[in-house]
file target.csv (CSV, C-alpha atoms and all ligand atoms)
chain,number,residue,atom,x,y,z
D,1,MET,CA,-49.2,-47.8,63.7
D,2,ILE,CA,-47.3,-47.7,67.0
D,3,TYR,CA,-45.2,-50.8,67.8
D,4,THR,CA,-43.8,-51.4,71.3
D,5,VAL,CA,-40.9,-53.7,71.9
D,6,THR,CA,-40.4,-55.4,75.3
D,7,LEU,CA,-37.2,-57.5,75.2
D,8,ASN,CA,-37.7,-58.6,78.8
D,9,PRO,CA,-41.4,-58.7,79.8
D,10,SER,CA,-42.5,-59.7,83.3
D,11,ILE,CA,-45.3,-60.6,85.5
D,12,ASP,CA,-45.3,-57.8,88.0
D,13,TYR,CA,-46.2,-59.5,91.3
D,14,ILE,CA,-47.5,-56.7,93.6
D,15,VAL,CA,-47.3,-57.7,97.2
D,16,GLU,CA,-48.5,-55.7,100.1
D,17,VAL,CA,-47.2,-56.5,103.6
D,18,GLU,CA,-48.1,-54.5,106.7
D,19,ASP,CA,-45.4,-54.1,109.3
D,20,PHE,CA,-42.8,-56.0,107.2
D,21,GLN,CA,-40.2,-57.8,109.3
D,22,ILE,CA,-36.9,-59.2,107.8
D,23,ASN,CA,-35.9,-62.6,109.1
D,24,SER,CA,-39.4,-63.7,110.0
D,25,LEU,CA,-42.6,-65.0,108.4
D,26,ASN,CA,-44.6,-62.1,106.9
D,27,ARG,CA,-48.2,-62.6,105.5
D,28,MET,CA,-49.5,-60.7,102.6
D,29,LYS,CA,-52.3,-58.2,103.1
D,30,GLN,CA,-53.0,-58.0,99.4
D,31,GLU,CA,-51.5,-59.3,96.2
D,32,ALA,CA,-52.0,-58.7,92.5
D,33,LYS,CA,-50.4,-59.9,89.2
D,34,PHE,CA,-50.2,-57.7,86.2
D,35,PRO,CA,-48.4,-58.1,82.8
D,36,GLY,CA,-45.3,-55.9,83.1
D,37,GLY,CA,-42.3,-54.7,81.2
D,38,LYS,CA,-42.1,-51.2,79.9
D,39,GLY,CA,-43.2,-51.8,76.3
D,40,ILE,CA,-46.2,-53.9,77.4
D,41,ASN,CA,-47.2,-51.2,79.9
D,42,VAL,CA,-47.0,-48.6,77.0
D,43,SER,CA,-49.2,-50.9,74.8
D,44,ARG,CA,-51.8,-51.4,77.5
D,45,VAL,CA,-52.1,-47.6,78.1
D,46,LEU,CA,-52.2,-46.9,74.3
D,47,SER,CA,-55.0,-49.4,73.9
D,48,ARG,CA,-57.0,-47.8,76.8
D,49,ILE,CA,-56.7,-44.3,75.1
D,50,GLY,CA,-57.7,-45.7,71.7
D,51,SER,CA,-54.3,-45.6,70.0
D,52,GLY,CA,-53.8,-48.5,67.6
D,53,ASN,CA,-50.6,-50.4,68.5
D,54,LYS,CA,-49.0,-53.8,68.5
D,55,ALA,CA,-46.8,-55.3,71.2
D,56,LEU,CA,-43.6,-57.0,70.0
D,57,GLY,CA,-40.9,-58.8,72.2
D,58,PHE,CA,-40.1,-62.1,73.6
D,59,ILE,CA,-42.5,-64.3,75.6
D,60,GLY,CA,-42.3,-67.8,77.0
D,61,GLY,CA,-43.6,-70.5,79.3
D,62,PHE,CA,-46.5,-70.4,81.8
D,63,THR,CA,-45.7,-66.8,82.8
D,64,GLY,CA,-45.7,-65.8,79.1
D,65,SER,CA,-49.1,-67.5,78.7
D,66,PHE,CA,-50.5,-65.5,81.6
D,67,ILE,CA,-49.4,-62.2,79.9
D,68,GLU,CA,-50.8,-63.2,76.5
D,69,SER,CA,-54.2,-64.1,78.0
D,70,PHE,CA,-54.3,-60.9,80.0
D,71,LEU,CA,-53.5,-58.8,77.0
D,72,GLN,CA,-55.9,-60.6,74.8
D,73,ALA,CA,-58.7,-59.9,77.4
D,74,GLU,CA,-57.8,-56.2,77.2
D,75,ASN,CA,-57.8,-56.3,73.3
D,76,VAL,CA,-54.1,-55.4,73.1
D,77,HIS,CA,-52.7,-56.5,69.8
D,78,MET,CA,-49.6,-58.6,70.0
D,79,ASP,CA,-47.0,-60.3,67.7
D,80,PHE,CA,-44.6,-61.7,70.2
D,81,THR,CA,-41.7,-64.0,69.4
D,82,HIS,CA,-42.0,-67.2,71.4
D,83,ILE,CA,-39.0,-68.4,73.4
D,84,ALA,CA,-38.3,-71.7,75.3
D,85,GLU,CA,-37.7,-70.4,78.8
D,86,ASP,CA,-40.2,-68.7,81.2
D,87,THR,CA,-40.8,-65.0,81.1
D,88,ARG,CA,-39.5,-63.5,84.4
D,89,ILE,CA,-41.5,-62.5,87.5
D,90,ASN,CA,-40.7,-59.1,89.1
D,91,ILE,CA,-41.6,-58.5,92.7
D,92,LYS,CA,-43.0,-55.1,93.7
D,93,LEU,CA,-43.1,-55.1,97.5
D,94,LYS,CA,-45.3,-52.5,99.2
D,95,THR,CA,-44.5,-52.0,102.9
D,96,GLY,CA,-45.4,-48.3,103.2
D,97,LYS,CA,-42.3,-47.9,100.9
D,98,GLU,CA,-41.9,-49.4,97.4
D,99,THR,CA,-39.2,-52.0,97.0
D,100,GLU,CA,-38.7,-53.7,93.6
D,101,ILE,CA,-36.9,-56.9,92.8
D,102,ASN,CA,-36.7,-57.4,89.1
D,103,GLY,CA,-35.8,-60.8,87.6
D,104,LEU,CA,-32.9,-61.4,85.2
D,105,GLY,CA,-35.0,-62.8,82.4
D,106,PRO,CA,-34.8,-65.9,80.2
D,107,LYS,CA,-32.2,-66.8,77.5
D,108,ILE,CA,-32.9,-65.4,74.1
D,109,THR,CA,-31.3,-67.4,71.2
D,110,GLU,CA,-29.8,-66.1,68.0
D,111,GLU,CA,-32.8,-67.4,66.1
D,112,ASN,CA,-35.2,-65.5,68.5
D,113,TYR,CA,-33.1,-62.4,68.0
D,114,GLN,CA,-33.2,-62.6,64.2
D,115,GLU,CA,-37.0,-63.3,64.2
D,116,LEU,CA,-37.6,-60.1,66.2
D,117,LEU,CA,-35.2,-58.0,64.0
D,118,ALA,CA,-37.0,-59.2,60.9
D,119,LYS,CA,-40.3,-58.0,62.3
D,120,ILE,CA,-38.8,-54.6,63.2
D,121,ASP,CA,-37.3,-54.3,59.7
D,122,ARG,CA,-40.8,-54.4,58.2
D,123,LEU,CA,-41.7,-51.0,59.8
D,124,ALA,CA,-42.0,-48.0,57.5
D,125,SER,CA,-42.0,-44.2,57.7
D,126,GLN,CA,-45.6,-43.9,58.9
D,127,ASP,CA,-44.8,-46.1,61.9
D,128,THR,CA,-43.5,-45.3,65.5
D,129,ILE,CA,-41.5,-47.8,67.5
D,130,VAL,CA,-41.2,-47.6,71.3
D,131,LEU,CA,-38.1,-49.4,72.7
D,132,ALA,CA,-38.5,-49.6,76.4
D,133,GLY,CA,-37.0,-51.4,79.3
D,134,SER,CA,-33.8,-53.3,80.1
D,135,VAL,CA,-31.9,-55.4,77.6
D,136,PRO,CA,-31.8,-59.1,78.7
D,137,PRO,CA,-28.3,-60.4,79.8
D,138,SER,CA,-28.0,-62.8,76.8
D,139,PHE,CA,-28.7,-60.0,74.3
D,140,PRO,CA,-26.3,-57.8,72.4
D,141,PRO,CA,-25.9,-54.7,74.7
D,142,ASN,CA,-26.0,-52.3,71.7
D,143,PHE,CA,-29.4,-53.7,70.5
D,144,TYR,CA,-31.3,-50.3,71.0
D,145,GLU,CA,-28.6,-48.5,69.1
D,146,THR,CA,-28.8,-51.0,66.2
D,147,VAL,CA,-32.6,-50.8,66.0
D,148,THR,CA,-32.6,-47.0,66.4
D,149,LYS,CA,-30.1,-46.6,63.5
D,150,ARG,CA,-32.0,-49.1,61.2
D,151,CYS,CA,-35.4,-47.5,61.9
D,152,ALA,CA,-34.2,-43.9,61.7
D,153,GLN,CA,-32.8,-44.6,58.2
D,154,ARG,CA,-36.3,-45.7,57.1
D,155,GLY,CA,-38.0,-42.7,58.7
D,156,VAL,CA,-39.6,-44.6,61.5
D,157,LYS,CA,-40.1,-42.5,64.6
D,158,VAL,CA,-38.1,-44.0,67.5
D,159,VAL,CA,-39.0,-43.6,71.1
D,160,VAL,CA,-36.5,-45.0,73.7
D,161,ASP,CA,-37.1,-45.4,77.4
D,162,THR,CA,-34.1,-47.2,78.9
D,163,SER,CA,-31.3,-46.3,81.3
D,164,GLY,CA,-27.5,-46.8,81.3
D,165,PRO,CA,-24.6,-45.7,79.1
D,166,SER,CA,-26.2,-47.3,76.0
D,167,LEU,CA,-28.6,-44.3,75.9
D,168,MET,CA,-25.7,-42.1,74.7
D,169,ASP,CA,-25.1,-44.4,71.8
D,170,VAL,CA,-28.8,-44.3,70.9
D,171,VAL,CA,-29.2,-40.5,70.9
D,172,LYS,CA,-26.7,-40.0,68.0
D,173,HIS,CA,-29.2,-41.7,65.7
D,174,ARG,CA,-31.8,-39.0,66.2
D,175,PRO,CA,-34.6,-40.7,68.2
D,176,PHE,CA,-37.8,-38.8,68.2
D,177,LEU,CA,-38.2,-39.0,72.0
D,178,ILE,CA,-36.2,-40.3,75.0
D,179,LYS,CA,-37.7,-40.3,78.5
D,180,PRO,CA,-35.2,-40.7,81.3
D,181,ASN,CA,-36.4,-39.9,84.9
D,182,HIS,CA,-34.2,-37.5,86.7
D,183,HIS,CA,-32.1,-40.2,88.4
D,184,GLU,CA,-31.4,-41.9,85.1
D,185,LEU,CA,-30.5,-38.6,83.5
D,186,GLY,CA,-28.2,-37.8,86.4
D,187,ASP,CA,-26.5,-41.2,86.2
D,188,LEU,CA,-25.7,-40.5,82.5
D,189,PHE,CA,-23.7,-37.4,83.4
D,190,SER,CA,-22.6,-38.6,86.9
D,191,VAL,CA,-24.4,-35.7,88.6
D,192,GLU,CA,-27.4,-35.3,91.0
D,193,ILE,CA,-30.4,-33.6,89.4
D,194,GLU,CA,-32.4,-31.8,92.0
D,195,THR,CA,-34.3,-29.0,90.2
D,196,VAL,CA,-36.2,-28.5,87.0
D,197,LYS,CA,-33.4,-26.2,85.8
D,198,ASP,CA,-30.8,-28.9,86.3
D,199,ALA,CA,-33.0,-31.3,84.4
D,200,ALA,CA,-33.4,-28.8,81.5
D,201,PHE,CA,-29.6,-28.2,81.4
D,202,TYR,CA,-28.8,-31.9,81.0
D,203,ALA,CA,-31.8,-32.6,78.7
D,204,LYS,CA,-30.3,-29.9,76.4
D,205,LYS,CA,-27.0,-31.9,76.3
D,206,LEU,CA,-29.0,-34.9,75.0
D,207,ILE,CA,-30.6,-32.7,72.3
D,208,GLU,CA,-27.1,-31.5,71.3
D,209,ALA,CA,-26.0,-35.1,71.1
D,210,GLY,CA,-28.9,-35.9,68.6
D,211,ALA,CA,-32.2,-36.6,70.4
D,212,ARG,CA,-35.1,-34.6,68.9
D,213,ASN,CA,-37.2,-34.4,72.1
D,214,VAL,CA,-36.4,-35.3,75.7
D,215,ILE,CA,-38.9,-35.7,78.6
D,216,VAL,CA,-37.3,-35.8,82.0
D,217,SER,CA,-39.8,-37.0,84.6
D,218,MET,CA,-39.1,-36.1,88.2
D,219,ALA,CA,-41.9,-38.1,90.0
D,220,GLY,CA,-44.0,-35.8,92.1
D,221,GLU,CA,-41.6,-32.8,91.5
D,222,GLY,CA,-42.7,-32.1,87.9
D,223,ALA,CA,-41.3,-32.8,84.5
D,224,VAL,CA,-39.4,-31.1,81.7
D,225,LEU,CA,-39.9,-31.3,77.9
D,226,GLN,CA,-36.9,-30.2,75.9
D,227,THR,CA,-37.4,-29.9,72.2
D,228,GLU,CA,-34.8,-28.8,69.6
D,229,GLY,CA,-35.6,-25.2,70.4
D,230,LYS,CA,-37.7,-24.8,73.5
D,231,THR,CA,-37.9,-25.9,77.1
D,232,TYR,CA,-41.3,-26.6,78.8
D,233,THR,CA,-42.0,-27.6,82.4
D,234,ALA,CA,-45.1,-29.3,83.7
D,235,GLY,CA,-46.4,-29.3,87.3
D,236,VAL,CA,-47.8,-32.7,88.3
D,237,PRO,CA,-51.2,-33.2,89.9
D,238,ARG,CA,-51.4,-33.7,93.6
D,239,GLY,CA,-52.8,-37.0,94.8
D,240,ASN,CA,-52.3,-40.1,96.8
D,241,VAL,CA,-49.6,-42.4,95.2
D,242,VAL,CA,-51.0,-45.9,95.3
D,243,ASN,CA,-48.6,-47.7,92.9
D,244,SER,CA,-46.1,-45.9,90.8
D,245,VAL,CA,-45.0,-49.0,88.8
D,246,GLY,CA,-45.6,-48.1,85.1
D,247,ALA,CA,-46.0,-44.4,85.8
D,248,GLY,CA,-43.1,-43.6,83.5
D,249,ASP,CA,-44.4,-45.9,80.8
D,250,SER,CA,-47.8,-44.1,81.0
D,251,VAL,CA,-46.0,-40.8,80.4
D,252,VAL,CA,-44.5,-42.3,77.2
D,253,ALA,CA,-47.9,-43.8,76.1
D,254,GLY,CA,-49.9,-40.7,76.8
D,255,PHE,CA,-47.4,-38.5,75.0
D,256,ILE,CA,-47.0,-40.6,71.9
D,257,GLY,CA,-50.6,-41.6,71.7
D,258,LYS,CA,-51.7,-37.9,71.8
D,259,TYR,CA,-48.9,-36.7,69.5
D,260,THR,CA,-49.8,-39.3,66.9
D,261,LYS,CA,-53.3,-38.0,66.8
D,262,THR,CA,-52.6,-34.2,67.1
D,263,ASN,CA,-49.0,-33.5,66.1
D,264,ASP,CA,-49.1,-31.0,69.0
D,265,ILE,CA,-46.1,-31.5,71.2
D,266,ILE,CA,-47.5,-29.4,74.2
D,267,GLN,CA,-50.9,-31.2,74.3
D,268,ALA,CA,-49.0,-34.5,74.0
D,269,PHE,CA,-46.7,-33.5,77.0
D,270,LYS,CA,-49.7,-32.5,79.1
D,271,TYR,CA,-51.5,-35.7,78.3
D,272,GLY,CA,-48.4,-37.8,79.1
D,273,ILE,CA,-47.9,-36.2,82.5
D,274,ALA,CA,-51.6,-36.6,83.3
D,275,ALA,CA,-51.3,-40.3,82.3
D,276,GLY,CA,-48.2,-40.8,84.5
D,277,SER,CA,-50.0,-39.3,87.6
D,278,ALA,CA,-53.2,-41.2,86.9
D,279,THR,CA,-51.2,-44.4,87.0
D,280,ALA,CA,-49.3,-43.4,90.1
D,281,PHE,CA,-52.7,-42.8,91.8
D,282,SER,CA,-54.1,-46.3,90.9
D,283,THR,CA,-53.2,-49.9,91.6
D,284,ASP,CA,-53.0,-50.8,87.9
D,285,LEU,CA,-52.2,-48.6,84.9
D,286,CYS,CA,-54.4,-45.6,84.2
D,287,GLN,CA,-57.7,-45.5,82.4
D,288,LYS,CA,-58.6,-42.8,79.8
D,289,GLN,CA,-61.2,-41.1,82.1
D,290,GLU,CA,-58.7,-41.0,85.0
D,291,ILE,CA,-56.2,-39.2,82.7
D,292,GLU,CA,-58.7,-36.8,81.4
D,293,ALA,CA,-59.9,-35.9,84.9
D,294,LEU,CA,-56.4,-34.8,85.8
D,295,LEU,CA,-55.7,-32.8,82.7
D,296,PRO,CA,-56.9,-29.4,84.2
D,297,GLN,CA,-54.3,-29.9,87.0
D,298,VAL,CA,-51.3,-30.1,84.6
D,299,HIS,CA,-49.9,-26.7,83.9
D,300,ILE,CA,-47.3,-26.4,81.2
D,301,GLN,CA,-45.0,-23.4,81.1
D,302,GLN,CA,-42.3,-22.4,78.7
D,303,LEU,CA,-38.9,-21.6,80.3
D,304,GLU,CA,-37.3,-18.5,79.0
D,305,GLU,CA,-33.7,-19.4,78.3
D,306,ASP,CA,-34.1,-21.6,75.2
D,307,ILE,CA,-31.3,-23.1,73.2
D,308,LYS,CA,-30.9,-22.0,69.6
W,401,LIG,N1,-45.8,-38.4,93.8
W,401,LIG,C1,-46.4,-38.2,92.6
W,401,LIG,N2,-47.4,-37.3,92.4
W,401,LIG,C2,-47.9,-37.1,91.2
W,401,LIG,N3,-47.5,-37.7,90.1
W,401,LIG,C3,-46.5,-38.6,90.1
W,401,LIG,C4,-45.9,-38.9,91.4
W,401,LIG,N4,-44.9,-39.8,91.2
W,401,LIG,C5,-44.9,-40.1,89.8
W,401,LIG,N5,-45.9,-39.4,89.2
W,401,LIG,C6,-46.2,-39.3,87.8
W,401,LIG,O1,-45.5,-40.4,87.1
W,401,LIG,C7,-44.6,-39.9,86.1
W,401,LIG,C8,-43.4,-40.7,86.0
W,401,LIG,O2,-42.8,-40.8,87.3
W,401,LIG,P1,-41.2,-41.0,87.5
W,401,LIG,O3,-41.0,-41.6,88.9
W,401,LIG,O4,-40.6,-39.7,87.2
W,401,LIG,O5,-40.8,-42.0,86.3
W,401,LIG,P2,-40.4,-43.5,86.2
W,401,LIG,O6,-41.7,-44.3,86.6
W,401,LIG,O7,-39.9,-43.7,84.8
W,401,LIG,O8,-39.3,-43.7,87.3
W,401,LIG,C9,-44.4,-38.4,86.6
W,401,LIG,O9,-44.0,-37.6,85.5
W,401,LIG,C10,-45.8,-38.0,87.2
W,401,LIG,O10,-46.7,-37.7,86.1
W,402,LIG,O1,-37.0,-53.8,82.1
W,402,LIG,P1,-36.7,-53.4,83.5
W,402,LIG,O2,-35.8,-52.2,83.5
W,402,LIG,O3,-36.2,-54.5,84.4
W,402,LIG,O4,-38.1,-52.8,84.1
W,402,LIG,C1,-39.2,-53.6,84.1
W,402,LIG,C2,-40.2,-53.1,85.1
W,402,LIG,O5,-40.5,-51.8,84.7
W,402,LIG,C3,-41.9,-51.6,84.6
W,402,LIG,O6,-42.2,-51.7,83.2
W,402,LIG,C4,-42.3,-50.4,85.3
W,402,LIG,O7,-41.6,-49.3,84.8
W,402,LIG,P2,-41.7,-47.8,85.3
W,402,LIG,O8,-42.2,-47.9,86.7
W,402,LIG,O9,-40.4,-47.2,85.1
W,402,LIG,O10,-42.7,-47.1,84.4
W,402,LIG,C5,-42.5,-52.8,85.3
W,402,LIG,O11,-43.7,-53.2,84.7
W,402,LIG,C6,-41.5,-53.9,85.1
W,402,LIG,O12,-41.5,-54.8,86.2
call {"tool": "encode", "arguments": {"input": "target.csv", "output": "structure tokens"}}
result
Amino acid sequence: MIYTVTLNPSIDYIVEVEDFQINSLNRMKQEAKFPGGKGINVSRVLSRIGSGNKALGFIGGFTGSFIESFLQAENVHMDFTHIAEDTRINIKLKTGKETEINGLGPKITEENYQELLAKIDRLASQDTIVLAGSVPPSFPPNFYETVTKRCAQRGVKVVVDTSGPSLMDVVKHRPFLIKPNHHELGDLFSVEIETVKDAAFYAKKLIEAGARNVIVSMAGEGAVLQTEGKTYTAGVPRGNVVNSVGAGDSVVAGFIGKYTKTNDIIQAFKYGIAAGSATAFSTDLCQKQEIEALLPQVHIQQLEEDIK
């Protein structure tokens, strides 16, 4: 079974304003509310592609109830830990450009923390855990490292999609997959990543530090998969980007859902990239048929200079 963990879920409030003016009253052209948070997005896409999964994490208040009802209606399985404060609301402002304002998130108590850890400690070697998104301010900043270490010791496959320096502490515990985008990867090494070759160079550094597979997504510019021996690149499909929120999460879901079924890393990479683009081209997260329609446009190539 695949478990996703969202420490800091959100309602993603998508607001479209035409001709946005600062310092004056703007009226919305369109609005939509979706459950958000990276692990929850991964769970929603996994459910849509028929991969059994369960969403873990913290949920609370009226915002939390909205998320639970929404997920229930989509038949996403959940085992959330309930907290006292409201789950946050993240604003995604579309004004021709995409501006995001993400909330801080509620307080998580020590008791909440221990309840979640106990659930995670029940996972076993046939399971995969996806740790995705930011760590709430009231939380131990090394949480992902702690969980990766504990899970890896029991043979659980660990997937981590987060940013910041804590990622370097995670990789030494041999996670199965990490998926930074090229900005996040660049920030880790204090460099600008502009080309697929740059991305491959720094992805190899993460492999040398312990990660087993690294996907670097570069939005419309393609993606790199670095394994322990080989480097693959993917060209992304061309299309009209409608809402790229959750595109990276869809890459993770498509990859891990396909890999769990086939054990084929290249097919999984291809499916992940098609899922990312299918989400970028739609208002909400992608549907299975949208992913599969894009598959013929995703071309995977192996780069020649592989590491040993
Ligand atoms: N302009 C685009 N055209 C086609 N696909 C895109 C575009 N932007 C994003 N995607 C898809 O979404 C995936 C993730 O996007 P990216 O912005 O790199 O990650 P994140 O959402 O984590 O920041 C890409 O690998 C690609 O499949
Ligand atoms: O936990 P963070 O880093 O604040 O991010 C949460 C946000 O990321 C998302 O999961 C989208 O992530 P991506 O666009 O990177 O795939 C939103 O649903 C949510 O609002």
call {"tool": "closest_residue", "arguments": {"input": "target.csv", "among": "D:Ala211, D:Ile49, D:Met78, D:Ala132", "to": "Thr6 (chain D)", "atoms": "all atoms listed in the file"}}
result
D:Ala132
call {"tool": "residues_around", "arguments": {"input": "target.csv", "residues": "Arg150 (chain D)", "least_positions_apart": "5", "cutoff": "12 Å", "atoms": "only C-alpha atoms", "output": "number ranges by chain"}}
result
D: 117-118, 120-125, 129, 143-145, 155-158, 170, 173-175
call {"tool": "closest_residue", "arguments": {"input": "target.csv", "among": "D:Ile207, D:Val76, D:Ile67, D:Ala32", "to": "Arg44 (chain D)", "atoms": "all atoms listed in the file"}}
result
D:Val76
call {"tool": "atom_distance", "arguments": {"input": "target.csv", "atom1": "CA of Pro237 (chain D)", "atom2": "atom O4 of ligand LIG 402 (chain W)"}}
result
24.3 Å
call {"tool": "atom_distance", "arguments": {"input": "target.csv", "atom1": "atom C3 of ligand LIG 402 (chain W)", "atom2": "CA of Ser65 (chain D)"}}
result
18.4 Å
